[in-house]
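Peer 1: Sending over upload-v1.txt (compact mmCIF, N, CA and C atoms).
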```txt
# COMPACT_ATOMS: atom_id res chain seq x y z
N MET R 1 -62.63 23.12 -35.27
CA MET R 1 -62.25 23.01 -33.87
C MET R 1 -61.30 21.86 -33.64
N LEU R 2 -61.65 20.68 -34.13
CA LEU R 2 -60.78 19.52 -33.99
C LEU R 2 -59.47 19.71 -34.74
N ARG R 3 -59.58 20.36 -35.88
CA ARG R 3 -58.39 20.60 -36.70
C ARG R 3 -57.39 21.48 -35.94
N GLY R 4 -57.87 22.49 -35.21
CA GLY R 4 -57.01 23.38 -34.44
C GLY R 4 -56.34 22.66 -33.28
N LYS R 5 -57.09 21.76 -32.60
CA LYS R 5 -56.53 20.99 -31.49
C LYS R 5 -55.46 20.03 -32.00
N PHE R 6 -55.77 19.39 -33.13
CA PHE R 6 -54.81 18.46 -33.72
C PHE R 6 -53.51 19.19 -34.09
N LYS R 7 -53.68 20.38 -34.66
CA LYS R 7 -52.52 21.19 -35.05
C LYS R 7 -51.70 21.56 -33.82
N ASN R 8 -52.34 21.95 -32.71
CA ASN R 8 -51.63 22.29 -31.47
C ASN R 8 -50.90 21.07 -30.89
N ILE R 9 -51.57 19.93 -30.90
CA ILE R 9 -50.95 18.70 -30.39
C ILE R 9 -49.74 18.34 -31.24
N LEU R 10 -49.87 18.45 -32.55
CA LEU R 10 -48.77 18.15 -33.46
C LEU R 10 -47.59 19.08 -33.20
N LEU R 11 -47.87 20.38 -33.03
CA LEU R 11 -46.79 21.34 -32.74
C LEU R 11 -46.11 21.02 -31.41
N CYS R 12 -46.87 20.64 -30.41
CA CYS R 12 -46.29 20.26 -29.10
C CYS R 12 -45.40 19.03 -29.25
N ALA R 13 -45.87 18.05 -30.02
CA ALA R 13 -45.09 16.82 -30.22
C ALA R 13 -43.78 17.12 -30.92
N VAL R 14 -43.81 17.98 -31.91
CA VAL R 14 -42.58 18.37 -32.62
C VAL R 14 -41.62 19.08 -31.67
N ALA R 15 -42.14 19.97 -30.84
CA ALA R 15 -41.31 20.71 -29.89
C ALA R 15 -40.67 19.75 -28.88
N VAL R 16 -41.47 18.82 -28.36
CA VAL R 16 -40.95 17.85 -27.37
C VAL R 16 -39.89 16.97 -28.01
N SER R 17 -40.14 16.49 -29.23
CA SER R 17 -39.15 15.63 -29.88
C SER R 17 -37.87 16.41 -30.18
N GLY R 18 -37.98 17.67 -30.51
CA GLY R 18 -36.79 18.50 -30.73
C GLY R 18 -35.97 18.66 -29.46
N LEU R 19 -36.67 18.86 -28.36
CA LEU R 19 -35.96 18.97 -27.07
C LEU R 19 -35.31 17.64 -26.69
N THR R 20 -36.01 16.55 -26.94
CA THR R 20 -35.49 15.23 -26.61
C THR R 20 -34.23 14.93 -27.42
N ILE R 21 -34.26 15.20 -28.70
CA ILE R 21 -33.10 14.95 -29.56
C ILE R 21 -31.92 15.80 -29.10
N GLY R 22 -32.17 17.06 -28.77
CA GLY R 22 -31.09 17.94 -28.30
C GLY R 22 -30.51 17.44 -26.99
N THR R 23 -31.38 17.00 -26.07
CA THR R 23 -30.93 16.49 -24.77
C THR R 23 -30.13 15.20 -24.96
N GLN R 24 -30.61 14.31 -25.83
CA GLN R 24 -29.90 13.07 -26.08
C GLN R 24 -28.53 13.35 -26.68
N GLY R 25 -28.46 14.34 -27.54
CA GLY R 25 -27.17 14.71 -28.12
C GLY R 25 -26.21 15.20 -27.06
N ALA R 26 -26.72 15.99 -26.12
CA ALA R 26 -25.87 16.47 -25.03
C ALA R 26 -25.40 15.32 -24.18
N PHE R 27 -26.31 14.37 -23.86
CA PHE R 27 -25.91 13.21 -23.07
C PHE R 27 -24.92 12.34 -23.83
N ALA R 28 -25.11 12.18 -25.12
CA ALA R 28 -24.20 11.37 -25.93
C ALA R 28 -22.82 11.97 -25.92
N SER R 29 -22.73 13.30 -26.03
CA SER R 29 -21.41 13.91 -26.03
C SER R 29 -20.76 13.78 -24.67
N ASP R 30 -21.55 13.85 -23.56
CA ASP R 30 -21.00 13.64 -22.22
C ASP R 30 -20.52 12.22 -22.05
N SER R 31 -21.30 11.24 -22.54
CA SER R 31 -20.94 9.85 -22.31
C SER R 31 -19.70 9.46 -23.09
N THR R 32 -19.42 10.10 -24.21
CA THR R 32 -18.21 9.75 -24.94
C THR R 32 -16.98 10.32 -24.26
N GLN R 33 -17.13 11.40 -23.50
CA GLN R 33 -15.98 11.99 -22.83
C GLN R 33 -15.69 11.31 -21.50
N LYS R 34 -16.70 10.92 -20.75
CA LYS R 34 -16.50 10.37 -19.42
C LYS R 34 -15.71 9.06 -19.40
N PRO R 35 -16.02 8.07 -20.29
CA PRO R 35 -15.22 6.84 -20.24
C PRO R 35 -13.73 7.10 -20.49
N ILE R 36 -13.42 8.05 -21.36
CA ILE R 36 -12.02 8.36 -21.62
C ILE R 36 -11.36 8.87 -20.34
N GLN R 37 -12.05 9.73 -19.61
CA GLN R 37 -11.51 10.23 -18.35
C GLN R 37 -11.35 9.09 -17.35
N LYS R 38 -12.33 8.19 -17.26
CA LYS R 38 -12.25 7.07 -16.33
C LYS R 38 -11.08 6.16 -16.69
N GLN R 39 -10.89 5.89 -17.97
CA GLN R 39 -9.79 5.04 -18.38
C GLN R 39 -8.45 5.64 -17.97
N SER R 40 -8.27 6.93 -18.15
CA SER R 40 -6.99 7.54 -17.79
C SER R 40 -6.81 7.52 -16.28
N GLN R 41 -7.89 7.68 -15.51
CA GLN R 41 -7.77 7.60 -14.06
C GLN R 41 -7.37 6.19 -13.63
N VAL R 42 -7.94 5.16 -14.27
CA VAL R 42 -7.60 3.79 -13.93
C VAL R 42 -6.13 3.53 -14.21
N LYS R 43 -5.62 4.01 -15.35
CA LYS R 43 -4.21 3.82 -15.67
C LYS R 43 -3.32 4.52 -14.66
N ILE R 44 -3.69 5.70 -14.24
CA ILE R 44 -2.89 6.42 -13.24
C ILE R 44 -2.88 5.66 -11.93
N GLN R 45 -4.05 5.13 -11.50
CA GLN R 45 -4.12 4.38 -10.27
C GLN R 45 -3.29 3.11 -10.36
N ALA R 46 -3.34 2.40 -11.48
CA ALA R 46 -2.56 1.18 -11.64
C ALA R 46 -1.07 1.48 -11.57
N ASN R 47 -0.63 2.57 -12.19
CA ASN R 47 0.78 2.93 -12.13
C ASN R 47 1.19 3.34 -10.73
N ALA R 48 0.30 4.02 -10.01
CA ALA R 48 0.61 4.46 -8.65
C ALA R 48 0.72 3.27 -7.71
N GLN R 49 -0.04 2.20 -7.96
CA GLN R 49 -0.02 1.03 -7.10
C GLN R 49 1.22 0.18 -7.32
N GLY R 50 1.83 0.24 -8.45
CA GLY R 50 3.01 -0.55 -8.72
C GLY R 50 2.74 -1.67 -9.70
N GLN R 51 3.81 -2.31 -10.07
CA GLN R 51 3.77 -3.37 -11.06
C GLN R 51 3.17 -4.64 -10.47
N VAL R 52 2.31 -5.32 -11.24
CA VAL R 52 1.79 -6.61 -10.83
C VAL R 52 2.89 -7.64 -11.04
N LEU R 53 3.29 -8.30 -9.96
CA LEU R 53 4.35 -9.31 -10.04
C LEU R 53 3.79 -10.68 -10.38
N HIS R 54 2.59 -10.96 -9.88
CA HIS R 54 1.95 -12.24 -10.14
C HIS R 54 0.47 -12.12 -9.85
N SER R 55 -0.39 -12.66 -10.70
CA SER R 55 -1.82 -12.66 -10.44
C SER R 55 -2.35 -14.09 -10.57
N PHE R 56 -3.50 -14.34 -9.93
CA PHE R 56 -4.06 -15.69 -9.94
C PHE R 56 -5.57 -15.62 -9.86
N ASP R 57 -6.21 -16.63 -10.42
CA ASP R 57 -7.66 -16.79 -10.39
C ASP R 57 -7.91 -18.29 -10.39
N ILE R 58 -8.05 -18.87 -9.19
CA ILE R 58 -8.15 -20.32 -9.04
C ILE R 58 -9.60 -20.67 -8.74
N SER R 59 -10.22 -21.39 -9.64
CA SER R 59 -11.64 -21.69 -9.50
C SER R 59 -11.92 -22.71 -8.40
N ARG R 60 -10.92 -23.51 -8.02
CA ARG R 60 -11.16 -24.53 -6.98
C ARG R 60 -9.86 -24.91 -6.29
N VAL R 61 -9.84 -24.71 -4.99
CA VAL R 61 -8.73 -25.19 -4.15
C VAL R 61 -9.35 -26.15 -3.15
N ASP R 62 -9.08 -27.45 -3.32
CA ASP R 62 -9.60 -28.44 -2.38
C ASP R 62 -8.77 -28.44 -1.10
N ARG R 63 -7.49 -28.64 -1.22
CA ARG R 63 -6.57 -28.63 -0.08
C ARG R 63 -5.34 -27.77 -0.35
N TRP R 64 -4.67 -28.01 -1.49
CA TRP R 64 -3.40 -27.36 -1.77
C TRP R 64 -3.30 -27.07 -3.26
N HIS R 65 -2.69 -25.95 -3.56
CA HIS R 65 -2.46 -25.56 -4.96
C HIS R 65 -1.25 -24.65 -4.98
N SER R 66 -0.47 -24.68 -6.05
CA SER R 66 0.67 -23.75 -6.15
C SER R 66 0.66 -23.08 -7.51
N SER R 67 1.33 -21.93 -7.56
CA SER R 67 1.42 -21.16 -8.81
C SER R 67 2.72 -21.48 -9.52
N GLY R 68 2.86 -20.90 -10.69
CA GLY R 68 4.13 -20.98 -11.39
C GLY R 68 5.13 -20.01 -10.75
N PRO R 69 6.40 -20.15 -11.11
CA PRO R 69 7.43 -19.31 -10.49
C PRO R 69 7.47 -17.89 -11.05
N PHE R 70 7.98 -16.98 -10.25
CA PHE R 70 8.28 -15.62 -10.68
C PHE R 70 9.55 -15.20 -9.95
N THR R 71 10.32 -14.30 -10.56
CA THR R 71 11.63 -13.93 -10.03
C THR R 71 11.70 -12.44 -9.71
N LEU R 72 12.32 -12.14 -8.57
CA LEU R 72 12.59 -10.76 -8.17
C LEU R 72 14.10 -10.56 -8.17
N ASN R 73 14.56 -9.48 -8.80
CA ASN R 73 16.00 -9.21 -8.89
C ASN R 73 16.52 -8.37 -7.73
N SER R 74 15.62 -7.80 -6.93
CA SER R 74 16.03 -6.98 -5.79
C SER R 74 15.01 -7.12 -4.68
N THR R 75 15.36 -6.66 -3.48
CA THR R 75 14.43 -6.69 -2.36
C THR R 75 13.25 -5.78 -2.69
N LYS R 76 12.03 -6.27 -2.46
CA LYS R 76 10.82 -5.52 -2.82
C LYS R 76 9.85 -5.50 -1.64
N SER R 77 9.18 -4.36 -1.50
CA SER R 77 8.01 -4.26 -0.63
C SER R 77 6.82 -4.61 -1.51
N VAL R 78 6.06 -5.62 -1.11
CA VAL R 78 4.95 -6.10 -1.93
C VAL R 78 3.66 -6.11 -1.13
N LYS R 79 2.55 -6.11 -1.85
CA LYS R 79 1.22 -6.22 -1.26
C LYS R 79 0.55 -7.44 -1.87
N LEU R 80 0.11 -8.35 -1.00
CA LEU R 80 -0.65 -9.52 -1.43
C LEU R 80 -2.12 -9.21 -1.24
N LYS R 81 -2.91 -9.31 -2.31
CA LYS R 81 -4.35 -9.04 -2.29
C LYS R 81 -5.07 -10.33 -2.66
N VAL R 82 -6.00 -10.78 -1.78
CA VAL R 82 -6.68 -12.05 -2.02
C VAL R 82 -8.16 -11.95 -1.69
N LEU R 83 -8.98 -12.50 -2.57
CA LEU R 83 -10.41 -12.67 -2.34
C LEU R 83 -10.66 -14.17 -2.27
N THR R 84 -11.37 -14.61 -1.25
CA THR R 84 -11.68 -16.03 -1.13
C THR R 84 -13.15 -16.23 -0.79
N ALA R 85 -13.74 -17.32 -1.27
CA ALA R 85 -15.14 -17.62 -1.01
C ALA R 85 -15.37 -19.10 -1.24
N ASN R 86 -16.46 -19.62 -0.65
CA ASN R 86 -16.87 -21.00 -0.93
C ASN R 86 -17.30 -21.09 -2.38
N ILE R 87 -17.08 -22.23 -3.00
CA ILE R 87 -17.53 -22.43 -4.38
C ILE R 87 -19.04 -22.55 -4.42
N SER R 88 -19.61 -23.29 -3.48
CA SER R 88 -21.06 -23.43 -3.41
C SER R 88 -21.51 -23.08 -1.99
N TRP R 89 -22.81 -22.89 -1.83
CA TRP R 89 -23.29 -22.52 -0.52
C TRP R 89 -22.92 -23.60 0.49
N SER R 90 -22.43 -23.17 1.63
CA SER R 90 -22.06 -24.09 2.70
C SER R 90 -22.08 -23.35 4.02
N PRO R 91 -22.49 -24.02 5.08
CA PRO R 91 -22.43 -23.38 6.39
C PRO R 91 -21.00 -23.35 6.94
N VAL R 92 -20.10 -24.04 6.28
CA VAL R 92 -18.70 -24.09 6.70
C VAL R 92 -18.02 -22.77 6.32
N THR R 93 -17.36 -22.15 7.28
CA THR R 93 -16.65 -20.90 7.04
C THR R 93 -15.26 -21.22 6.50
N PRO R 94 -14.89 -20.65 5.36
CA PRO R 94 -13.57 -20.94 4.81
C PRO R 94 -12.44 -20.43 5.71
N TYR R 95 -11.38 -21.19 5.76
CA TYR R 95 -10.14 -20.77 6.41
C TYR R 95 -9.02 -21.15 5.44
N SER R 96 -8.37 -20.14 4.88
CA SER R 96 -7.36 -20.36 3.84
C SER R 96 -6.07 -19.64 4.19
N GLU R 97 -5.02 -20.03 3.51
CA GLU R 97 -3.73 -19.34 3.63
C GLU R 97 -3.13 -19.20 2.25
N VAL R 98 -2.43 -18.09 2.06
CA VAL R 98 -1.64 -17.90 0.84
C VAL R 98 -0.23 -17.58 1.32
N SER R 99 0.74 -18.35 0.83
CA SER R 99 2.14 -18.13 1.21
C SER R 99 2.96 -17.74 -0.01
N ILE R 100 3.91 -16.85 0.20
CA ILE R 100 4.90 -16.51 -0.81
C ILE R 100 6.14 -17.31 -0.41
N VAL R 101 6.53 -18.28 -1.25
CA VAL R 101 7.58 -19.23 -0.89
C VAL R 101 8.77 -19.05 -1.82
N ARG R 102 9.97 -18.91 -1.22
CA ARG R 102 11.19 -18.79 -2.03
C ARG R 102 11.69 -20.19 -2.36
N GLN R 103 11.94 -20.44 -3.65
CA GLN R 103 12.46 -21.73 -4.08
C GLN R 103 13.88 -21.89 -3.55
N GLY R 104 14.25 -23.11 -3.30
CA GLY R 104 15.61 -23.40 -2.82
C GLY R 104 15.62 -23.58 -1.32
N ASP R 105 15.40 -22.49 -0.54
CA ASP R 105 15.46 -22.60 0.92
C ASP R 105 14.08 -22.72 1.57
N GLY R 106 13.00 -22.54 0.81
CA GLY R 106 11.65 -22.68 1.35
C GLY R 106 11.22 -21.57 2.29
N LYS R 107 12.00 -20.48 2.37
CA LYS R 107 11.62 -19.35 3.22
C LYS R 107 10.27 -18.83 2.75
N ARG R 108 9.37 -18.54 3.72
CA ARG R 108 8.02 -18.14 3.34
C ARG R 108 7.46 -17.08 4.26
N VAL R 109 6.52 -16.32 3.69
CA VAL R 109 5.67 -15.42 4.46
C VAL R 109 4.25 -15.82 4.12
N THR R 110 3.36 -15.77 5.14
CA THR R 110 2.01 -16.31 4.97
C THR R 110 0.95 -15.31 5.42
N MET R 111 -0.13 -15.27 4.66
CA MET R 111 -1.31 -14.49 5.02
C MET R 111 -2.47 -15.46 5.23
N SER R 112 -3.13 -15.37 6.38
CA SER R 112 -4.31 -16.20 6.67
C SER R 112 -5.57 -15.42 6.37
N ILE R 113 -6.57 -16.13 5.85
CA ILE R 113 -7.84 -15.50 5.50
C ILE R 113 -8.96 -16.33 6.12
N TYR R 114 -9.72 -15.72 7.01
CA TYR R 114 -10.85 -16.39 7.64
C TYR R 114 -12.14 -15.88 7.02
N ALA R 115 -13.03 -16.78 6.71
CA ALA R 115 -14.34 -16.47 6.17
C ALA R 115 -14.26 -16.08 4.69
N ARG R 116 -15.42 -15.74 4.12
CA ARG R 116 -15.48 -15.26 2.74
C ARG R 116 -15.06 -13.81 2.82
N ASP R 117 -13.87 -13.52 2.31
CA ASP R 117 -13.31 -12.21 2.60
C ASP R 117 -12.35 -11.76 1.53
N TYR R 118 -12.09 -10.46 1.53
CA TYR R 118 -11.03 -9.85 0.74
C TYR R 118 -10.03 -9.31 1.75
N LYS R 119 -8.76 -9.58 1.51
CA LYS R 119 -7.74 -9.15 2.47
C LYS R 119 -6.50 -8.71 1.71
N GLU R 120 -5.82 -7.72 2.29
CA GLU R 120 -4.54 -7.24 1.76
C GLU R 120 -3.52 -7.28 2.90
N GLU R 121 -2.29 -7.62 2.55
CA GLU R 121 -1.23 -7.59 3.56
C GLU R 121 0.10 -7.26 2.87
N ASP R 122 0.93 -6.49 3.57
CA ASP R 122 2.22 -6.06 3.03
C ASP R 122 3.34 -6.95 3.56
N PHE R 123 4.32 -7.21 2.68
CA PHE R 123 5.50 -8.00 3.04
C PHE R 123 6.72 -7.38 2.38
N VAL R 124 7.90 -7.68 2.90
CA VAL R 124 9.15 -7.35 2.24
C VAL R 124 9.82 -8.67 1.92
N ILE R 125 10.13 -8.88 0.63
CA ILE R 125 10.77 -10.14 0.23
C ILE R 125 12.07 -9.84 -0.50
N GLU R 126 13.03 -10.73 -0.28
CA GLU R 126 14.39 -10.58 -0.83
C GLU R 126 14.45 -11.11 -2.26
N PRO R 127 15.54 -10.81 -2.96
CA PRO R 127 15.69 -11.31 -4.33
C PRO R 127 15.64 -12.84 -4.36
N GLY R 128 15.10 -13.37 -5.44
CA GLY R 128 15.04 -14.82 -5.61
C GLY R 128 13.87 -15.20 -6.49
N THR R 129 13.73 -16.51 -6.68
CA THR R 129 12.61 -17.06 -7.44
C THR R 129 11.59 -17.59 -6.45
N TYR R 130 10.35 -17.18 -6.64
CA TYR R 130 9.27 -17.50 -5.71
C TYR R 130 8.11 -18.18 -6.42
N TYR R 131 7.24 -18.78 -5.64
CA TYR R 131 5.93 -19.24 -6.11
C TYR R 131 4.94 -18.99 -4.98
N LEU R 132 3.66 -18.99 -5.32
CA LEU R 132 2.61 -18.84 -4.32
C LEU R 132 2.03 -20.21 -4.00
N GLU R 133 1.76 -20.42 -2.72
CA GLU R 133 1.17 -21.67 -2.26
C GLU R 133 -0.18 -21.35 -1.63
N PHE R 134 -1.21 -22.07 -2.03
CA PHE R 134 -2.57 -21.83 -1.57
C PHE R 134 -3.03 -23.03 -0.76
N LEU R 135 -3.43 -22.80 0.49
CA LEU R 135 -3.90 -23.87 1.36
C LEU R 135 -5.33 -23.61 1.77
N ASN R 136 -6.14 -24.67 1.76
CA ASN R 136 -7.52 -24.61 2.21
C ASN R 136 -7.62 -25.57 3.40
N HIS R 137 -7.97 -25.05 4.57
CA HIS R 137 -8.03 -25.86 5.79
C HIS R 137 -9.43 -26.37 6.10
N THR R 138 -10.40 -26.13 5.22
CA THR R 138 -11.77 -26.57 5.49
C THR R 138 -12.15 -27.74 4.59
N SER R 139 -13.32 -28.32 4.85
CA SER R 139 -13.78 -29.49 4.10
C SER R 139 -14.43 -29.13 2.76
N MET R 140 -14.74 -27.86 2.56
CA MET R 140 -15.39 -27.42 1.32
C MET R 140 -14.38 -26.70 0.43
N PRO R 141 -14.40 -26.94 -0.89
CA PRO R 141 -13.47 -26.24 -1.78
C PRO R 141 -13.74 -24.73 -1.80
N VAL R 142 -12.70 -23.97 -2.04
CA VAL R 142 -12.81 -22.51 -2.09
C VAL R 142 -12.30 -21.98 -3.42
N TYR R 143 -12.77 -20.78 -3.72
CA TYR R 143 -12.34 -20.00 -4.89
C TYR R 143 -11.36 -18.96 -4.37
N MET R 144 -10.24 -18.75 -5.07
CA MET R 144 -9.28 -17.73 -4.68
C MET R 144 -8.86 -16.92 -5.90
N ARG R 145 -8.85 -15.60 -5.69
CA ARG R 145 -8.46 -14.70 -6.77
C ARG R 145 -7.66 -13.57 -6.14
N GLY R 146 -6.62 -13.12 -6.83
CA GLY R 146 -5.85 -12.02 -6.29
C GLY R 146 -4.60 -11.72 -7.08
N SER R 147 -3.72 -10.94 -6.43
CA SER R 147 -2.47 -10.56 -7.08
C SER R 147 -1.43 -10.18 -6.04
N LEU R 148 -0.21 -10.22 -6.48
CA LEU R 148 0.94 -9.77 -5.70
C LEU R 148 1.49 -8.58 -6.48
N ILE R 149 1.48 -7.40 -5.85
CA ILE R 149 1.93 -6.21 -6.55
C ILE R 149 3.07 -5.55 -5.78
N GLU R 150 3.88 -4.83 -6.50
CA GLU R 150 4.98 -4.08 -5.91
C GLU R 150 4.41 -2.82 -5.27
N ASN R 151 4.80 -2.54 -4.03
CA ASN R 151 4.35 -1.30 -3.35
C ASN R 151 5.09 -0.10 -3.89
```
I'd like the structure from this file rewritten - as structure tokens, please.
Peer 2:
Amino acid sequence: MLRGKFKNILLCAVAVSGLTIGTQGAFASDSTQKPIQKQSQVKIQANAQGQVLHSFDISRVDRWHSSGPFTLNSTKSVKLKVLTANISWSPVTPYSEVSIVRQGDGKRVTMSIYARDYKEEDFVIEPGTYYLEFLNHTSMPVYMRGSLIEN
């Protein structure tokens, strides 16, 4: 009697493990295909958004910070994307600005960012050599990360 029950339990265990292995194989084959599809979608989206002209990741802006120069050979429609946040917990709400400044004449366009926020803004800038200027108007240092991309 016990021998028959043991035999039935053993057969059930073998059947379940066979199903599990088959299911895992199906999931494994799905998981190897999906990342490839996601990667190609990301590349298509990046190309559709335009070329990154300048990117930045500044761990601390106390008052003022500037980037290195970059040059545009023609008039461009650009999108400035910025994420800003306090470095440490603070009741003070960040108020920051990011400016695109043309070297030589100092012509600038500015985006203001209030609070811990992500913001995008479009600008049209003429040919020339530019740099980004980061201003923090609060008493607490802020973190800023973002990019300037061609529309």
Peer 1: By how many Å are atom CA of R:Leu132 and atom CA of R:Val78 apart?
Peer 2: 13.2 Å
Peer 1: Atom CA of R:Ile149 and atom CA of R:Val52, how far apart in Å?
Peer 2: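 Separation of atom CA of R:Val52 and atom CA of R:Ile149: 4.3 Å.
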Peer 1: Using all atoms of stretch 128-132 of chain R listed in the file and a margin of 3 Å per side, can you give the axis-aligned box centre and edge lengths in Å to one decimal, as lines of an AutoDock Vina configuration file?
Peer 2:
```
center_x = 8.6
center_y = -16.8
center_z = -5.7
size_x = 19.1
size_y = 12.8
size_z = 9.4
```
Peer 1: Given the choices R:Gln103, R:Thr93, R:Ser59, R:Asn86, which gets closest to R:Leu72 if the distance is worked out from only C-alpha atoms?
Peer 2: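 Nearest candidate to R:Leu72 out of R:Gln103, R:Thr93, R:Ser59, R:Asn86: R:Gln103.
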Peer 1: Which residues are near R:Tyr130? Cut-off 7 Å, only N, CA and C atoms, ignore same chain within fewer than 6 positions. Put them as an MDAnalysis selection string.
Peer 2: chainID R and resid 68:72 100:103
Peer 1: As an exercise, work out the distance from atom CA of R:Leu83 to atom CA of R:Leu135 in Å and give it to one decimal place.
Peer 2: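 Value for the atom CA of R:Leu83-atom CA of R:Leu135 distance: 13.5 Å.
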Peer 1: Rank R:Ile125, R:Ile58, R:Glu150, R:Arg63 by their smallest atom-to-atom distance to R:Thr75, using all atoms listed in the file, and report the top residue only.
Peer 2: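 The shortest atom-to-atom distance to R:Thr75 comes from R:Ile125.
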Peer 1: As a ChimeraX atom specification, list the residues of stretch 72-142 of chain R assigned to strand (DSSP E or B) by DSSP on the backbone atoms of this structure.
Peer 2: /R:72,76-86,95-102,108-114,117-125,128-136,142
Peer 1: Got a sec: who's within 6.5 Å of R:Ser55, counting only N, CA and C atoms, leaving out chain neighbours fewer than 6 positions off, as a list of chain:residue names?
Peer 2: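 Returned residues: R:Gly146, R:Ser147, R:Leu148.
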